[in-house]
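Chemist: mmCIF, C-alpha atoms, saved as input-v6.cif, coming up:
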```cif
data_protein
#
loop_
_atom_site.label_atom_id
_atom_site.label_comp_id
_atom_site.auth_asym_id
_atom_site.auth_seq_id
_atom_site.Cartn_x
_atom_site.Cartn_y
_atom_site.Cartn_z
CA MET A 16 -34.46 -16.04 10.71
CA LEU A 17 -33.93 -16.42 7.00
CA LEU A 18 -30.70 -18.24 6.04
CA PRO A 19 -28.93 -18.21 9.41
CA GLY A 20 -25.93 -20.17 8.07
CA LYS A 21 -25.11 -17.55 5.47
CA LEU A 22 -25.44 -14.78 8.03
CA ASP A 23 -23.07 -16.56 10.42
CA ARG A 24 -20.51 -17.12 7.66
CA ALA A 25 -20.74 -13.48 6.58
CA LEU A 26 -20.27 -12.24 10.15
CA LYS A 27 -17.30 -14.58 10.67
CA PHE A 28 -15.70 -13.43 7.41
CA SER A 29 -16.25 -9.78 8.35
CA LYS A 30 -14.63 -10.34 11.75
CA GLU A 31 -11.61 -12.07 10.17
CA GLN A 32 -11.16 -9.23 7.68
CA ARG A 33 -11.36 -6.63 10.45
CA GLU A 34 -8.73 -8.52 12.48
CA LEU A 35 -6.46 -8.68 9.44
CA ARG A 36 -6.76 -4.92 8.92
CA GLU A 37 -6.07 -4.22 12.59
CA GLY A 38 -2.98 -6.40 12.53
CA ASN A 39 -4.11 -8.94 15.10
CA ILE A 40 -3.53 -11.80 12.68
CA THR A 41 -0.07 -11.80 11.14
CA ASP A 42 -0.16 -14.78 8.82
CA ARG A 43 0.48 -12.69 5.71
CA GLU A 44 4.21 -12.16 5.42
CA VAL A 45 5.64 -10.47 2.36
CA LYS A 46 8.79 -12.07 1.05
CA LEU A 47 10.90 -9.90 -1.25
CA GLU A 48 13.14 -11.33 -3.90
CA LYS A 49 16.78 -10.46 -4.36
CA LEU A 50 16.50 -7.22 -6.36
CA ASP A 51 13.04 -6.05 -5.26
CA GLY A 52 14.50 -3.30 -3.06
CA LEU A 53 16.46 -1.90 -6.00
CA ALA A 54 13.37 -2.05 -8.19
CA LEU A 55 11.35 -0.18 -5.57
CA MET A 56 14.00 2.54 -5.28
CA LEU A 57 14.27 2.97 -9.05
CA SER A 58 10.52 3.18 -9.47
CA ALA A 59 10.31 5.78 -6.71
CA LEU A 60 13.07 7.82 -8.36
CA LEU A 61 11.39 7.59 -11.77
CA THR A 62 8.11 8.68 -10.21
CA PHE A 63 9.30 11.62 -8.11
CA MET A 64 12.35 12.94 -9.97
CA PRO A 65 10.43 14.63 -12.82
CA VAL A 66 8.27 16.49 -10.30
CA ILE A 67 11.30 17.50 -8.24
CA LEU A 68 13.14 18.68 -11.35
CA VAL A 69 10.18 20.79 -12.49
CA LEU A 70 9.84 22.38 -9.06
CA LEU A 71 13.58 23.02 -8.92
CA GLY A 72 13.45 24.57 -12.38
CA ILE A 73 10.60 26.86 -11.37
CA ALA A 74 12.45 27.90 -8.22
CA LEU A 75 15.65 28.62 -10.13
CA PHE A 76 13.74 30.53 -12.82
CA CYS A 77 12.07 32.70 -10.18
CA LEU A 78 15.35 33.21 -8.37
CA TYR A 79 17.39 34.30 -11.39
CA SER A 80 14.81 36.24 -13.38
#
```
Just give me the structure as structure tokens.

Modeler:
Amino acid sequence: MLLPGKLDRALKFSKEQRELREGNITDREVKLEKLDGLALMLSALLTFMPVILVLLGIALFCLYS
């Protein structure tokens, strides 16, 4: 077999990545800072509010015209 060491390392890495995706290995823990929750909420509002307002405007326009 050509380069068996590299093949073994690649297979081991692939297995570790698959286990990480499946959640079997839980060594990656996300730690949020103090105001990260507020920042996430504000960014979600800034992202979705324009779309919601446009849809609401279209609905009101159709309703009252």

Chemist: Kindly compute an axis-aligned box around the listed atoms of stretch 71-74 of chain A, allowing 6 Å on each side, and express its centre and edge lengths in Å to one decimal as AutoDock Vina command-line options.

Modeler:
```
--center_x 12.1 --center_y 25.5 --center_z -10.3 --size_x 15.0 --size_y 16.9 --size_z 16.2
```

Chemist: Find the distance between atom CA of A:Arg24 and atom CA of A:Glu37 and write it in Å to one decimal.

Modeler: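 Atom CA of A:Glu37 lies at a distance of 20.0 Å from atom CA of A:Arg24.
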
Chemist: What is the distance between atom CA of A:Gly20 and atom CA of A:Gln32, in Å to one decimal?

Modeler: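 Atom-to-atom, atom CA of A:Gly20 and atom CA of A:Gln32 are spaced 18.4 Å apart.
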
Chemist: Find the distance between atom CA of A:Ala59 and atom CA of A:Leu47 and write it in Å to one decimal.

Modeler: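 Calculated distance between atom CA of A:Ala59 and atom CA of A:Leu47 is 16.6 Å.
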
Chemist: How about completing stretch 25-37 of chain A with N, CA, C and O atoms and giving it to me as a PDB file, in the frame of the given file?

Modeler:
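Output contents, as saved in out.pdb:
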```pdb
ATOM      1  N   ALA A  25     -21.052 -14.865   6.945  1.00  0.00           N
ATOM      2  CA  ALA A  25     -20.740 -13.480   6.580  1.00  0.00           C
ATOM      3  C   ALA A  25     -20.183 -12.710   7.772  1.00  0.00           C
ATOM      4  O   ALA A  25     -19.220 -11.948   7.642  1.00  0.00           O
ATOM      5  N   LEU A  26     -20.768 -12.918   8.952  1.00  0.00           N
ATOM      6  CA  LEU A  26     -20.270 -12.240  10.150  1.00  0.00           C
ATOM      7  C   LEU A  26     -18.866 -12.730  10.522  1.00  0.00           C
ATOM      8  O   LEU A  26     -18.003 -11.934  10.915  1.00  0.00           O
ATOM      9  N   LYS A  27     -18.620 -14.026  10.371  1.00  0.00           N
ATOM     10  CA  LYS A  27     -17.300 -14.580  10.670  1.00  0.00           C
ATOM     11  C   LYS A  27     -16.265 -14.021   9.700  1.00  0.00           C
ATOM     12  O   LYS A  27     -15.171 -13.624  10.097  1.00  0.00           O
ATOM     13  N   PHE A  28     -16.614 -13.976   8.415  1.00  0.00           N
ATOM     14  CA  PHE A  28     -15.700 -13.430   7.410  1.00  0.00           C
ATOM     15  C   PHE A  28     -15.409 -11.960   7.689  1.00  0.00           C
ATOM     16  O   PHE A  28     -14.266 -11.513   7.605  1.00  0.00           O
ATOM     17  N   SER A  29     -16.432 -11.200   8.042  1.00  0.00           N
ATOM     18  CA  SER A  29     -16.250  -9.780   8.350  1.00  0.00           C
ATOM     19  C   SER A  29     -15.327  -9.595   9.545  1.00  0.00           C
ATOM     20  O   SER A  29     -14.461  -8.720   9.551  1.00  0.00           O
ATOM     21  N   LYS A  30     -15.490 -10.428  10.558  1.00  0.00           N
ATOM     22  CA  LYS A  30     -14.630 -10.340  11.750  1.00  0.00           C
ATOM     23  C   LYS A  30     -13.189 -10.669  11.399  1.00  0.00           C
ATOM     24  O   LYS A  30     -12.256  -9.986  11.846  1.00  0.00           O
ATOM     25  N   GLU A  31     -12.971 -11.704  10.573  1.00  0.00           N
ATOM     26  CA  GLU A  31     -11.610 -12.070  10.170  1.00  0.00           C
ATOM     27  C   GLU A  31     -10.953 -10.947   9.369  1.00  0.00           C
ATOM     28  O   GLU A  31      -9.784 -10.644   9.566  1.00  0.00           O
ATOM     29  N   GLN A  32     -11.703 -10.328   8.473  1.00  0.00           N
ATOM     30  CA  GLN A  32     -11.160  -9.230   7.680  1.00  0.00           C
ATOM     31  C   GLN A  32     -10.804  -8.036   8.562  1.00  0.00           C
ATOM     32  O   GLN A  32      -9.783  -7.387   8.363  1.00  0.00           O
ATOM     33  N   ARG A  33     -11.634  -7.743   9.533  1.00  0.00           N
ATOM     34  CA  ARG A  33     -11.360  -6.630  10.450  1.00  0.00           C
ATOM     35  C   ARG A  33     -10.095  -6.915  11.260  1.00  0.00           C
ATOM     36  O   ARG A  33      -9.251  -6.035  11.451  1.00  0.00           O
ATOM     37  N   GLU A  34      -9.922  -8.157  11.729  1.00  0.00           N
ATOM     38  CA  GLU A  34      -8.730  -8.520  12.480  1.00  0.00           C
ATOM     39  C   GLU A  34      -7.477  -8.428  11.614  1.00  0.00           C
ATOM     40  O   GLU A  34      -6.419  -8.007  12.075  1.00  0.00           O
ATOM     41  N   LEU A  35      -7.595  -8.815  10.343  1.00  0.00           N
ATOM     42  CA  LEU A  35      -6.460  -8.680   9.440  1.00  0.00           C
ATOM     43  C   LEU A  35      -6.067  -7.223   9.262  1.00  0.00           C
ATOM     44  O   LEU A  35      -4.885  -6.874   9.249  1.00  0.00           O
ATOM     45  N   ARG A  36      -7.050  -6.344   9.101  1.00  0.00           N
ATOM     46  CA  ARG A  36      -6.760  -4.920   8.920  1.00  0.00           C
ATOM     47  C   ARG A  36      -6.143  -4.320  10.171  1.00  0.00           C
ATOM     48  O   ARG A  36      -5.280  -3.462  10.091  1.00  0.00           O
ATOM     49  N   GLU A  37      -6.581  -4.760  11.333  1.00  0.00           N
ATOM     50  CA  GLU A  37      -6.070  -4.220  12.590  1.00  0.00           C
ATOM     51  C   GLU A  37      -4.712  -4.793  12.948  1.00  0.00           C
ATOM     52  O   GLU A  37      -4.042  -4.287  13.832  1.00  0.00           O
TER      53      GLU A  37
END
```
